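**Student:** The file below is run_16.pdb, PDB, C-alpha atoms:
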```pdb
ATOM      1  CA  MET A   1       0.000   0.000   0.000  1.00  0.00           C
ATOM      2  CA  ASN A   2       2.775   2.410   0.972  1.00  0.00           C
ATOM      3  CA  ARG A   3       4.694   1.576  -2.195  1.00  0.00           C
ATOM      4  CA  LEU A   4       1.596   2.246  -4.324  1.00  0.00           C
ATOM      5  CA  PHE A   5       1.103   5.579  -2.588  1.00  0.00           C
ATOM      6  CA  ASN A   6       4.761   6.521  -3.177  1.00  0.00           C
ATOM      7  CA  SER A   7       4.586   5.674  -6.900  1.00  0.00           C
ATOM      8  CA  LYS A   8       1.361   7.689  -7.327  1.00  0.00           C
ATOM      9  CA  LEU A   9       2.948  10.573  -5.463  1.00  0.00           C
ATOM     10  CA  LEU A  10       6.022  10.321  -7.680  1.00  0.00           C
ATOM     11  CA  TYR A  11       3.884  10.314 -10.839  1.00  0.00           C
ATOM     12  CA  ALA A  12       1.854  13.277  -9.577  1.00  0.00           C
ATOM     13  CA  LEU A  13       5.027  15.164  -8.757  1.00  0.00           C
ATOM     14  CA  LEU A  14       6.493  14.324 -12.156  1.00  0.00           C
ATOM     15  CA  LEU A  15       3.275  15.480 -13.834  1.00  0.00           C
ATOM     16  CA  VAL A  16       3.397  18.798 -11.966  1.00  0.00           C
ATOM     17  CA  VAL A  17       7.023  19.300 -13.015  1.00  0.00           C
ATOM     18  CA  VAL A  18       6.263  18.486 -16.677  1.00  0.00           C
ATOM     19  CA  VAL A  19       3.248  20.806 -16.724  1.00  0.00           C
ATOM     20  CA  GLY A  20       5.277  23.569 -15.068  1.00  0.00           C
ATOM     21  CA  LEU A  21       8.093  23.202 -17.566  1.00  0.00           C
ATOM     22  CA  SER A  22       5.608  23.157 -20.446  1.00  0.00           C
ATOM     23  CA  VAL A  23       3.966  26.373 -19.273  1.00  0.00           C
ATOM     24  CA  ASN A  24       7.385  27.965 -18.867  1.00  0.00           C
ATOM     25  CA  LEU A  25       8.429  26.856 -22.361  1.00  0.00           C
ATOM     26  CA  ILE A  26       5.224  28.182 -23.924  1.00  0.00           C
ATOM     27  CA  SER A  27       5.561  31.557 -22.219  1.00  0.00           C
ATOM     28  CA  ARG A  28       9.198  31.858 -23.307  1.00  0.00           C
ATOM     29  CA  GLN A  29       8.274  30.885 -26.870  1.00  0.00           C
ATOM     30  CA  SER A  30       5.589  33.573 -26.880  1.00  0.00           C
ATOM     31  CA  ALA A  31       8.060  36.158 -25.573  1.00  0.00           C
ATOM     32  CA  LEU A  32      10.577  35.095 -28.230  1.00  0.00           C
ATOM     33  CA  MET A  33       8.023  35.531 -31.028  1.00  0.00           C
ATOM     34  CA  SER A  34       7.096  38.950 -29.646  1.00  0.00           C
ATOM     35  CA  LYS A  35      10.754  40.014 -29.589  1.00  0.00           C
ATOM     36  CA  LYS A  36      11.272  38.740 -33.141  1.00  0.00           C
ATOM     37  CA  GLN A  37       8.322  40.855 -34.324  1.00  0.00           C
ATOM     38  CA  GLU A  38       9.690  43.866 -32.463  1.00  0.00           C
ATOM     39  CA  LEU A  39      13.122  43.312 -34.038  1.00  0.00           C
ATOM     40  CA  LYS A  40      11.569  43.150 -37.506  1.00  0.00           C
ATOM     41  CA  GLU A  41       9.700  46.419 -36.911  1.00  0.00           C
ATOM     42  CA  LEU A  42      12.846  48.099 -35.608  1.00  0.00           C
ATOM     43  CA  GLU A  43      14.856  46.939 -38.622  1.00  0.00           C
ATOM     44  CA  GLU A  44      12.182  48.339 -40.962  1.00  0.00           C
ATOM     45  CA  SER A  45      12.225  51.608 -39.037  1.00  0.00           C
ATOM     46  CA  LYS A  46      16.019  51.671 -39.222  1.00  0.00           C
ATOM     47  CA  GLU A  47      15.886  51.244 -43.006  1.00  0.00           C
ATOM     48  CA  ARG A  48      13.316  54.064 -43.379  1.00  0.00           C
ATOM     49  CA  ILE A  49      15.478  56.361 -41.261  1.00  0.00           C
ATOM     50  CA  ARG A  50      18.602  55.379 -43.217  1.00  0.00           C
ATOM     51  CA  LEU A  51      16.870  56.283 -46.489  1.00  0.00           C
ATOM     52  CA  GLU A  52      15.714  59.577 -44.982  1.00  0.00           C
ATOM     53  CA  ILE A  53      19.284  60.335 -43.928  1.00  0.00           C
ATOM     54  CA  VAL A  54      20.593  59.544 -47.412  1.00  0.00           C
ATOM     55  CA  THR A  55      17.947  61.800 -48.955  1.00  0.00           C
ATOM     56  CA  THR A  56      18.694  64.608 -46.519  1.00  0.00           C
ATOM     57  CA  GLU A  57      22.435  64.311 -47.088  1.00  0.00           C
ATOM     58  CA  SER A  58      21.941  64.458 -50.841  1.00  0.00           C
ATOM     59  CA  LEU A  59      19.851  67.600 -50.414  1.00  0.00           C
ATOM     60  CA  LEU A  60      22.553  69.137 -48.258  1.00  0.00           C
ATOM     61  CA  ASP A  61      25.157  68.281 -50.886  1.00  0.00           C
ATOM     62  CA  GLU A  62      23.315  70.203 -53.575  1.00  0.00           C
ATOM     63  CA  SER A  63      25.481  73.147 -54.511  1.00  0.00           C
ATOM     64  CA  ASP A  64      22.717  75.383 -55.864  1.00  0.00           C
ATOM     65  CA  GLU A  65      20.575  76.740 -53.032  1.00  0.00           C
ATOM     66  CA  ALA A  66      17.905  78.021 -55.428  1.00  0.00           C
ATOM     67  CA  THR A  67      17.462  74.523 -56.850  1.00  0.00           C
ATOM     68  CA  TYR A  68      17.099  73.136 -53.347  1.00  0.00           C
ATOM     69  CA  ILE A  69      14.518  75.784 -52.389  1.00  0.00           C
ATOM     70  CA  GLU A  70      12.538  75.108 -55.560  1.00  0.00           C
ATOM     71  CA  LYS A  71      12.635  71.364 -54.954  1.00  0.00           C
ATOM     72  CA  VAL A  72      11.357  71.736 -51.377  1.00  0.00           C
ATOM     73  CA  ALA A  73       8.679  74.198 -52.468  1.00  0.00           C
ATOM     74  CA  ARG A  74       7.430  71.826 -55.174  1.00  0.00           C
ATOM     75  CA  GLU A  75       7.668  68.503 -53.309  1.00  0.00           C
ATOM     76  CA  LYS A  76       6.814  69.467 -49.741  1.00  0.00           C
ATOM     77  CA  LEU A  77       4.649  72.554 -50.153  1.00  0.00           C
ATOM     78  CA  GLY A  78       3.002  71.842 -53.507  1.00  0.00           C
ATOM     79  CA  TYR A  79       4.087  75.140 -55.092  1.00  0.00           C
ATOM     80  CA  MET A  80       4.142  75.643 -58.866  1.00  0.00           C
ATOM     81  CA  TYR A  81       4.862  78.364 -61.364  1.00  0.00           C
ATOM     82  CA  PRO A  82       2.002  80.607 -62.529  1.00  0.00           C
ATOM     83  CA  GLY A  83       0.166  78.940 -65.394  1.00  0.00           C
ATOM     84  CA  GLU A  84       1.945  75.646 -64.826  1.00  0.00           C
ATOM     85  CA  LYS A  85      -0.182  72.507 -64.805  1.00  0.00           C
ATOM     86  CA  ILE A  86       0.847  69.567 -62.659  1.00  0.00           C
ATOM     87  CA  TYR A  87      -0.359  66.085 -63.560  1.00  0.00           C
ATOM     88  CA  ILE A  88      -0.358  63.387 -60.905  1.00  0.00           C
ATOM     89  CA  ASP A  89      -0.407  59.745 -61.921  1.00  0.00           C
ATOM     90  CA  ILE A  90      -2.895  58.198 -59.493  1.00  0.00           C
ATOM     91  CA  ARG A  91      -2.149  54.706 -60.773  1.00  0.00           C
ATOM     92  CA  ALA A  92       1.385  54.912 -59.367  1.00  0.00           C
ATOM     93  CA  LYS A  93       0.108  54.716 -55.779  1.00  0.00           C
TER      94      LYS A  93
END
```
Would it be possible to restate this file's structure as structure tokens?
**Tutor:**
Amino acid sequence: MNRLFNSKLLYALLLVVVVGLSVNLISRQSALMSKKQELKELEESKERIRLEIVTTESLLDESDEATYIEKVAREKLGYMYPGEKIYIDIRAK
């Protein structure tokens, strides 16, 4: 009887340990997936910022200030010359 009780207790203890380890493994796997997603988003953000830096540096390297001012006025502010017609290709988006 005592031996039967000890083996059942051992199996119950083993089951608790296995369940505990399984829960721990699942939570760590979930955290790992979350960190991988965060890393992917940060890498995408890094690439966008790198491209912005390259663009900004190329604008700073432009030797003609008037050309730079015109480019900013057209692209960022939507300015145009009097009588000029701007066509926007909506299929490109």
**Student:** Figure out the distance between CA of Glu65 in chain A and CA of Glu84 in chain A, please, to one decimal in Å.
**Tutor:**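 It comes out at 22.1 Å.
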**Student:** What is the distance between CA of Glu47 in chain A and CA of Ala31 in chain A, in Å to one decimal?
**Tutor:**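 CA of Ala31 in chain A lies 24.3 Å from CA of Glu47 in chain A.
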**Student:** Go ahead and compute the interatomic distance for CA of Glu41 in chain A and CA of Ser27 in chain A, in Å to one decimal.
**Tutor:** 21.3 Å
**Student:** In terms of the shortest atom-to-atom distance over all atoms listed in the file, which of A:Thr56, A:Arg50, A:Lys35, A:Val23 is closest to Tyr68 in chain A?
**Tutor:** A:Thr56
